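So the structure is just underneath, and the comments pick up after that.
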There are 2 protein chains.
Amino acid sequence: MIPSIEWTSNKVKMIDQTQLPHKLQFLEFDDFRDVAKAIKVMNIRGAPVIGVAAAMGVALATIEYKNLPKEKFLTKMEEAANIIRSTRPTASNLFWAVDRVWKIISTYPDDPKNLSELVVEEAKIMAQEDINVNKNIGKNGATLLKDGDVVLTHCNAGSLATVQYGTALAPVRAAIEEGKKIRVIADETRPRLQGARLTAYELQYDNIPVNVISDTSSGLLMSLGKINKVIVGTDRVTSDAVFNKIGTYLVALAAKDNNIPFYVAAPSSTLSLNETVKDVTIEQRDSSEVSNILGKVQIIPNGVECINYAFDITPFRLVSAIITEDGIFSPKELLAKYK
Amino acid sequence: MIPSIEWTSNKVKMIDQTQLPHKLQFLEFDDFRDVAKAIKVMNIRGAPVIGVAAAMGVALATIEYKNLPKEKFLTKMEEAANIIRSTRPTASNLFWAVDRVWKIISTYPDDPKNLSELVVEEAKIMAQEDINVNKNIGKNGATLLKDGDVVLTHCNAGSLATVQYGTALAPVRAAIEEGKKIRVIADETRPRLQGARLTAYELQYDNIPVNVISDTSSGLLMSLGKINKVIVGTDRVTSDAVFNKIGTYLVALAAKDNNIPFYVAAPSSTLSLNETVKDVTIEQRDSSEVSNILGKVQIIPNGVECINYAFDITPFRLVSAIITEDGIFSPKELLAKYK
C-alpha cells in the first residue's frame with residue numbers, strides 16, 4: 001500500500017479516505033487548521049495515523065509561528081495544539097502524539113526557528129516508528145495464525161489506519177508474507193463503512209483475498225464455522241476494556257459464544273492503562289451519518305433521529321489476547337507489563 | 001397503519017415496501033406469478049404477511065384456472081403452488097399458508113369454479129385471522145412492558161410485516177393503547193434496512209416515538225442502560241432455535257450479556273417444532289444487496305464479493321420468552337404446549 005500520510009517539502013500529504021474505494025486521491029495541506037479539519041471530518045482516520053497527522057499538524061503550526069517572539073509563539077502554539085486535540089475525543093494516539101511533540105516545544109521554547117525543525121523531524125520519526133511498530137505487531141501476531149485461517153476484522157485497522165502496514169491487518173500481512181494462506185472477512189462497519197470501503201480496498205490492492213459482510217452477519221458465519229479468528233484494532237485500551245469502533249463488542253460476544261479467539265492489535269501508544277471505562281468520553285457523531293449513507297441515500301423517514309455513538313466498549317473478559325509491538329499478552333499480562 | 005395487503009375485487013393490493021419510507025405506493029396484481037415475484041423481490045416481506053400473500057396468490061391461480069377440467073386444473077394448480085412456494089425458503093408461514101389453502105383444493109377438487117370461491121374466502125379469512133392473532137400477541141406481550149420502557153427491535157415485525165398491527169411491535173402498540181409510555185429503538189437492519197425504512201416509517205406514522213441506530217450500536221446502548229427490553233419477530237421457530245433476520249443472534253447475545261430480556265413474538269403459524277436447526281435452509285441472497293445499498297450507492301471496490309445470508313439462528317438458551325396469540329412461554333413451555 002501507498003503510505004496514508006507523508007511529510008513532503010513542508011506539507012502534509014494524505015490519502016483522502018472519504019473518496020475510497022472509488023478514487024485514490026490525495027490532499028496536501030500547509031495549514032494546521034486544515035489538518036485538524038481533515039481529522040475531524042475523517043478524510044484521514046484510524047487511531048495510529050491520526051496520531052501522526054496530529055504531530056504533523058503541530059509541526060505545520062511551528063513553521064507558521066516560528067518568526068514570532070517566544071511568548072507570542074507559545075500562546076499561538078497552545079491554541080494550535082488545542083484545535084488539534086479537540087478534533088476527535090476517543091483515540092488515545094491523538095493526545096499521545098500532541099503530548100510527545102509538545103515535550104520538545106516545552107524543552108526548547110527559546111528559539112522557535114530551530115524548534116520548528118526539531119518538531120518537523122520528530123513528526124517524521126513518529127511516522128517511521130509507526131511503520132516499525134506495525135511490522136512488529138505483524139511478526140508477533142502472525143504466530144497466532146495458521147495456514148487456511150479465515151480472519152474476521154471490524155472497521156479498518158489496516159494500512160489506511162496507520163502510516164503503512166496496519167495494526168489488525170499486520171498479522172494477516174505478515175502471515176501471508178510467511179507463505180500462509182489467509183482469507184479476510186471484513187465487516188462493512190456501519191455507519192461510515194470503513195470495512196467495506198477501506199479494508200476491502202487495501203486488501204484487494206495488495207491481492208489479499210477478502211469478502212465483505214453486513215455487520216449483522218458475523219455471528220451466523222462464526223456459528224457456521226466460516227470464521228476462525230477475529231483481529232481488530234483499537235483506539236484506546238484502558239485497564240479494563242478495549243475501545244474500538246462501534247460494533248466491536250457484538251463481534252467479541254459472538255467470538256466468545258463460538259470459542260473463536262478475539263485478538264486486539266494495539267501499538268503501545270494506544271495503551272492508556274491508568275484509565276478505566278469511566279474516564280473515557282465516547283464520541284457521539286451526527287445523526288446524518290446513520291440516516292444518509294455516505295451522504296447519498298437517505299434511509300429513514302424525514303423527522304426521525306438516529307443515535308450515533310462512534311465507539312464500543314469491549315470488556316477485557318471477552319479479549320483473548322492483545323498484540324503489541326513487544327509481544328502477545330493476555331489482558332492480565334498486559335497490565336503487568338505496561339501499567 | 002393501512003393494511004399491508006388486501007383482497008379487493010379479485011385483485012391483490014399491497015403496499016410496495018421497496019418504496020418506503022419515501023413513497024406510500026400500492027401494487028395491484030391479478031396474476032399469481034406477479035404475486036410470487038413481489039414476494040421474491042420483497043415488494044412485500046415479513047413472515048406473517050407473505051403467508052397471506054401466498055394464500056392470495058393461490059386464490060388468484062384458482063380464478064385463472066377455474067374453467068379447466070379437473071385433471072388439468074390440478075396440474076396447473078400444482079405448478080402455481082410450487083412457484084409460490086419457491087419464492088423464499090426460510091419463512092414457515094409461506095409453506096403453512098400454501099398448505100392450508102391446498103387442503104381445500106385437495107378436499108373439493110371436483111368443481112374448480114366453486115372451489116375458487118372457497119379458496120378466495122379462505123385467503124380473506126387468513127388475512128383477518130392474522131390481525132386477530134397479532135392483537136392477541138399485543139395483549140399478551142403488553143403485560144411484559146412497563147411505563148417508560150425503551151424497546152429495541154430488529155428488522156420490521158410490525159404492521160408492515162403482517163396484514164396489520166404487527167407481531168414484535170404488537171406489544172408496544174398494545175402497551176401504548178393501555179396508556180404506558182414506550183419508546184422504540186430500531187436497528188437499521190442491514191443489508192435491506194427494514195428497520196430504518198419500515199419500522200421507523202410505521203411507528204412515526206402512528207406517532208410512536210422511535211430512534212434508529214446502526215446495527216453495530218445495540219450492544220453499547222444496552223451496556224449504557226439505554227435499552228430495557230428486546231422484542232423481535234420470527235420467520236420460523238424450530239424445537240431448538242428462533243430463525244429471524246440476520247443480526248438477531250448478535251442482539252440476543254448482547255441482551256444476555258446485559259441481563260436484558262429478549263422476547264420473540266411468534267404467531268403459532270410460525271412454529272415448526274418438529275424441526276431442528278439442521279432441517280432449515282438459510283436463504284442466501286445476492287451479493288449486491290450488501291454491496292449496493294438500496295441499489296443506489298456502491299460501498300465496496302469493484303471485484304470484491306459479499307457474503308449475504310438473510311437469516312440468523314438464535315438458540316433457545318438466549319431467548320427469555322416467546323409471545324404467541326395464546327400466551328407467554330419459556331422455550332420449554334412452548335415445546336410442552338405446541339409440540
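Please note that chains go A, B, ... in the order of the C-alpha cells, that every chain numbers its residues from 1, and that ligands are numbered from 1 in the order shown.
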Stretch 173-176 of chain B surroundings by only C-alpha atoms, 7 Å radius, close-in-sequence under 3 positions cut, as a VMD selection string | chain B and resid 138 to 139 142 145 169 to 170 179 to 182
I need the residues from that last selection saved to file as a PDB file, in the first residue's frame (with N, CA, C and O atoms), if you can.
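For reference, part_27.pdb as written:
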```
ATOM      1  N   GLY B 138     -50.277  -8.819  21.014  1.00  0.00           N
ATOM      2  CA  GLY B 138     -50.125  -7.496  21.633  1.00  0.00           C
ATOM      3  C   GLY B 138     -50.615  -7.493  23.065  1.00  0.00           C
ATOM      4  O   GLY B 138     -49.914  -7.037  23.978  1.00  0.00           O
ATOM      5  N   LYS B 139     -51.810  -8.034  23.270  1.00  0.00           N
ATOM      6  CA  LYS B 139     -52.410  -8.049  24.612  1.00  0.00           C
ATOM      7  C   LYS B 139     -51.522  -8.849  25.570  1.00  0.00           C
ATOM      8  O   LYS B 139     -51.249  -8.416  26.690  1.00  0.00           O
ATOM      9  N   ALA B 142     -47.991  -7.014  26.046  1.00  0.00           N
ATOM     10  CA  ALA B 142     -48.048  -5.731  26.763  1.00  0.00           C
ATOM     11  C   ALA B 142     -47.842  -5.915  28.261  1.00  0.00           C
ATOM     12  O   ALA B 142     -47.329  -5.020  28.941  1.00  0.00           O
ATOM     13  N   LEU B 145     -44.340  -5.207  29.383  1.00  0.00           N
ATOM     14  CA  LEU B 145     -43.778  -3.853  29.242  1.00  0.00           C
ATOM     15  C   LEU B 145     -44.314  -2.950  30.334  1.00  0.00           C
ATOM     16  O   LEU B 145     -45.495  -3.000  30.673  1.00  0.00           O
ATOM     17  N   LEU B 169     -44.018  -5.611  17.194  1.00  0.00           N
ATOM     18  CA  LEU B 169     -44.477  -4.279  17.590  1.00  0.00           C
ATOM     19  C   LEU B 169     -45.870  -4.298  18.209  1.00  0.00           C
ATOM     20  O   LEU B 169     -46.323  -3.292  18.761  1.00  0.00           O
ATOM     21  N   ALA B 170     -46.549  -5.448  18.160  1.00  0.00           N
ATOM     22  CA  ALA B 170     -47.893  -5.516  18.733  1.00  0.00           C
ATOM     23  C   ALA B 170     -47.897  -5.221  20.240  1.00  0.00           C
ATOM     24  O   ALA B 170     -48.718  -4.427  20.709  1.00  0.00           O
ATOM     25  N   GLY B 179     -52.004   3.087  27.754  1.00  0.00           N
ATOM     26  CA  GLY B 179     -51.596   4.321  28.426  1.00  0.00           C
ATOM     27  C   GLY B 179     -50.150   4.357  28.897  1.00  0.00           C
ATOM     28  O   GLY B 179     -49.698   5.331  29.492  1.00  0.00           O
ATOM     29  N   LYS B 180     -49.386   3.277  28.649  1.00  0.00           N
ATOM     30  CA  LYS B 180     -47.970   3.298  29.031  1.00  0.00           C
ATOM     31  C   LYS B 180     -47.169   4.117  28.027  1.00  0.00           C
ATOM     32  O   LYS B 180     -47.486   4.151  26.839  1.00  0.00           O
ATOM     33  N   LYS B 181     -46.116   4.776  28.529  1.00  0.00           N
ATOM     34  CA  LYS B 181     -45.191   5.478  27.628  1.00  0.00           C
ATOM     35  C   LYS B 181     -44.082   4.510  27.239  1.00  0.00           C
ATOM     36  O   LYS B 181     -43.331   4.046  28.087  1.00  0.00           O
ATOM     37  N   ILE B 182     -43.974   4.236  25.958  1.00  0.00           N
ATOM     38  CA  ILE B 182     -42.950   3.304  25.459  1.00  0.00           C
ATOM     39  C   ILE B 182     -42.218   3.985  24.312  1.00  0.00           C
ATOM     40  O   ILE B 182     -42.834   4.635  23.471  1.00  0.00           O
TER      41      ILE B 182
END
```
Contact set, chain A to chain B: 8 Å, only C-alpha atoms, as an MDAnalysis selection string | chainID A and resid 21:22 189:191 193 196:197 200:201 204 210:217 219:220 246:251 253:254 290 296:297 299:301 304:309 312:313
Residue subset to file, keeping C-alpha atoms, as a PDB file, in the first residue's frame:
```pdb
ATOM      1  CA  PRO A  21     -12.881   2.868  -2.642  1.00  0.00           C
ATOM      2  CA  HIS A  22     -13.785   4.599  -5.886  1.00  0.00           C
ATOM      3  CA  THR A 189     -18.813  -1.334   9.660  1.00  0.00           C
ATOM      4  CA  ARG A 190     -21.781   0.970   9.688  1.00  0.00           C
ATOM      5  CA  PRO A 191     -22.300   3.828   9.807  1.00  0.00           C
ATOM      6  CA  LEU A 193     -18.473   1.690   6.214  1.00  0.00           C
ATOM      7  CA  ALA A 196     -16.483  -2.133   3.071  1.00  0.00           C
ATOM      8  CA  ARG A 197     -14.720   0.913   1.700  1.00  0.00           C
ATOM      9  CA  ALA A 200     -11.762  -4.247   1.191  1.00  0.00           C
ATOM     10  CA  TYR A 201      -9.901  -1.633  -0.872  1.00  0.00           C
ATOM     11  CA  GLN A 204      -7.750  -6.069  -2.821  1.00  0.00           C
ATOM     12  CA  VAL A 210     -11.342 -10.572   1.107  1.00  0.00           C
ATOM     13  CA  ASN A 211     -15.136 -10.786   1.334  1.00  0.00           C
ATOM     14  CA  VAL A 212     -17.381  -8.136   2.814  1.00  0.00           C
ATOM     15  CA  ILE A 213     -20.379  -8.863   5.049  1.00  0.00           C
ATOM     16  CA  SER A 214     -23.017  -6.700   6.674  1.00  0.00           C
ATOM     17  CA  ASP A 215     -22.316  -6.173  10.376  1.00  0.00           C
ATOM     18  CA  THR A 216     -25.351  -8.314  11.123  1.00  0.00           C
ATOM     19  CA  SER A 217     -23.705 -11.456   9.687  1.00  0.00           C
ATOM     20  CA  GLY A 219     -22.454 -14.233  14.441  1.00  0.00           C
ATOM     21  CA  LEU A 220     -24.044 -16.592  11.934  1.00  0.00           C
ATOM     22  CA  ILE A 246     -18.897   0.722  17.374  1.00  0.00           C
ATOM     23  CA  GLY A 247     -19.892  -2.893  16.768  1.00  0.00           C
ATOM     24  CA  THR A 248     -16.701  -4.403  18.189  1.00  0.00           C
ATOM     25  CA  TYR A 249     -18.423  -5.520  21.400  1.00  0.00           C
ATOM     26  CA  LEU A 250     -21.006  -7.529  19.420  1.00  0.00           C
ATOM     27  CA  VAL A 251     -18.240  -9.233  17.440  1.00  0.00           C
ATOM     28  CA  LEU A 253     -19.608 -11.560  22.188  1.00  0.00           C
ATOM     29  CA  ALA A 254     -20.129 -13.729  19.113  1.00  0.00           C
ATOM     30  CA  VAL A 290     -26.584   6.861  10.046  1.00  0.00           C
ATOM     31  CA  LYS A 296     -26.025   9.846  -0.723  1.00  0.00           C
ATOM     32  CA  VAL A 297     -29.055   7.758   0.269  1.00  0.00           C
ATOM     33  CA  ILE A 299     -32.663   5.507   4.597  1.00  0.00           C
ATOM     34  CA  ILE A 300     -35.135   6.789   7.192  1.00  0.00           C
ATOM     35  CA  PRO A 301     -38.265   8.928   7.010  1.00  0.00           C
ATOM     36  CA  VAL A 304     -36.748  10.502  12.709  1.00  0.00           C
ATOM     37  CA  GLU A 305     -33.490  10.919  14.640  1.00  0.00           C
ATOM     38  CA  CYS A 306     -30.623   8.438  14.824  1.00  0.00           C
ATOM     39  CA  ILE A 307     -28.410   7.756  17.833  1.00  0.00           C
ATOM     40  CA  ASN A 308     -24.788   7.553  16.707  1.00  0.00           C
ATOM     41  CA  TYR A 309     -22.038   6.601  19.154  1.00  0.00           C
ATOM     42  CA  ASP A 312     -17.777   0.475  21.511  1.00  0.00           C
ATOM     43  CA  ILE A 313     -16.565  -0.801  24.874  1.00  0.00           C
TER      44      ILE A 313
END
```
Could you tell me how far atom CA of A:Val230 lies from atom CA of B:Ala241, in Å and to one decimal?
-> 25.0 Å
So how far away is atom CA of B:Pro112 from atom CA of B:Arg88, in Å?
-> 27.5 Å
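With only C-alpha atoms as the atoms that count, the minimum distance from B:Glu117 to the choices B:Asn136, B:Ser330, B:Thr62, B:Gln17 is reached by B:Thr62.
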Using the chain letters and numbers from this document, which residues of stretch 92-218 of chain B does DSSP assign to alpha helix (DSSP H), as number ranges by chain?
-> B: 92-107, 112-142, 170-177, 194, 200-205, 218
Which polymer residues have any atom within 12 Å of an atom of A:Phe262, counting only C-alpha atoms, with same-chain residues fewer than 2 positions away left out, as an MDAnalysis selection string?
-> chainID A and resid 144 151:154 168 222 227:233 242 248:260 264:265 314:323 330:331
Residues from last step as file, C-alpha atoms, as a PDB file, in the first residue's frame:
```
ATOM      1  CA  LEU A 144      -1.331 -16.808  16.071  1.00  0.00           C
ATOM      2  CA  VAL A 151      -9.902 -13.880   9.872  1.00  0.00           C
ATOM      3  CA  LEU A 152     -12.782 -11.524  10.619  1.00  0.00           C
ATOM      4  CA  THR A 153     -11.925  -7.877  11.147  1.00  0.00           C
ATOM      5  CA  HIS A 154     -14.150  -4.956  12.034  1.00  0.00           C
ATOM      6  CA  ALA A 168      -5.131  -5.524  12.970  1.00  0.00           C
ATOM      7  CA  MET A 222     -18.999 -17.929  13.232  1.00  0.00           C
ATOM      8  CA  ILE A 227     -14.561 -17.734  10.637  1.00  0.00           C
ATOM      9  CA  ASN A 228     -11.583 -18.991  12.701  1.00  0.00           C
ATOM     10  CA  LYS A 229     -10.094 -15.881  14.274  1.00  0.00           C
ATOM     11  CA  VAL A 230     -11.022 -12.278  14.942  1.00  0.00           C
ATOM     12  CA  ILE A 231      -8.482  -9.456  14.938  1.00  0.00           C
ATOM     13  CA  VAL A 232      -9.477  -5.837  15.490  1.00  0.00           C
ATOM     14  CA  GLY A 233      -7.552  -2.656  16.147  1.00  0.00           C
ATOM     15  CA  VAL A 242     -10.785  -2.068  24.722  1.00  0.00           C
ATOM     16  CA  THR A 248     -16.701  -4.403  18.189  1.00  0.00           C
ATOM     17  CA  TYR A 249     -18.423  -5.520  21.400  1.00  0.00           C
ATOM     18  CA  LEU A 250     -21.006  -7.529  19.420  1.00  0.00           C
ATOM     19  CA  VAL A 251     -18.240  -9.233  17.440  1.00  0.00           C
ATOM     20  CA  ALA A 252     -16.430 -10.085  20.684  1.00  0.00           C
ATOM     21  CA  LEU A 253     -19.608 -11.560  22.188  1.00  0.00           C
ATOM     22  CA  ALA A 254     -20.129 -13.729  19.113  1.00  0.00           C
ATOM     23  CA  ALA A 255     -16.498 -14.870  19.158  1.00  0.00           C
ATOM     24  CA  LYS A 256     -16.789 -15.848  22.828  1.00  0.00           C
ATOM     25  CA  ASP A 257     -20.049 -17.717  22.214  1.00  0.00           C
ATOM     26  CA  ASN A 258     -18.397 -19.712  19.435  1.00  0.00           C
ATOM     27  CA  ASN A 259     -14.997 -20.300  21.110  1.00  0.00           C
ATOM     28  CA  ILE A 260     -13.217 -18.235  18.487  1.00  0.00           C
ATOM     29  CA  VAL A 264      -6.769  -6.874  19.620  1.00  0.00           C
ATOM     30  CA  ALA A 265      -3.789  -5.370  17.796  1.00  0.00           C
ATOM     31  CA  THR A 314     -15.302  -4.379  24.856  1.00  0.00           C
ATOM     32  CA  PRO A 315     -14.581  -5.604  28.383  1.00  0.00           C
ATOM     33  CA  PHE A 316     -11.325  -7.490  28.954  1.00  0.00           C
ATOM     34  CA  ARG A 317     -13.251 -10.696  29.797  1.00  0.00           C
ATOM     35  CA  LEU A 318     -14.060 -11.002  26.062  1.00  0.00           C
ATOM     36  CA  VAL A 319     -10.488 -10.424  24.866  1.00  0.00           C
ATOM     37  CA  SER A 320      -8.307 -13.492  24.225  1.00  0.00           C
ATOM     38  CA  ALA A 321      -5.062 -11.566  23.756  1.00  0.00           C
ATOM     39  CA  ILE A 322      -3.636  -8.180  22.915  1.00  0.00           C
ATOM     40  CA  ILE A 323      -0.881  -7.996  20.322  1.00  0.00           C
ATOM     41  CA  SER A 330      -3.478 -11.647  27.974  1.00  0.00           C
ATOM     42  CA  PRO A 331      -5.227  -8.603  29.478  1.00  0.00           C
TER      43      PRO A 331
END
```
As a ChimeraX atom specification, please: all residues of stretch 1-46 of chain A that backbone DSSP puts in strand (DSSP E or B).
-> /A:5-8,11-15,26-29
Selection near stretch 25-32 of chain B, 10 Å with only C-alpha atoms, sequence-local residues under 2 positions removed, as an MDAnalysis selection string = chainID B and resid 4:20 22:23 34:38 43:44 53:64 80:81 83:84
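Rounded to one decimal, atom CA of A:Lys332 and atom CA of A:Ser269 lie 18.1 Å from each other.
In this comparison, which uses only C-alpha atoms, the residue of A:Ser272, A:Asn244, A:Ser106, A:Ser239 approaching A:Phe73 most closely is A:Ser106.
Considering the residues B:Glu71, B:Tyr165, B:Ile50, B:Asp206 and counting only C-alpha atoms, B:Ala97 has its shortest atom-to-atom contact with B:Ile50.
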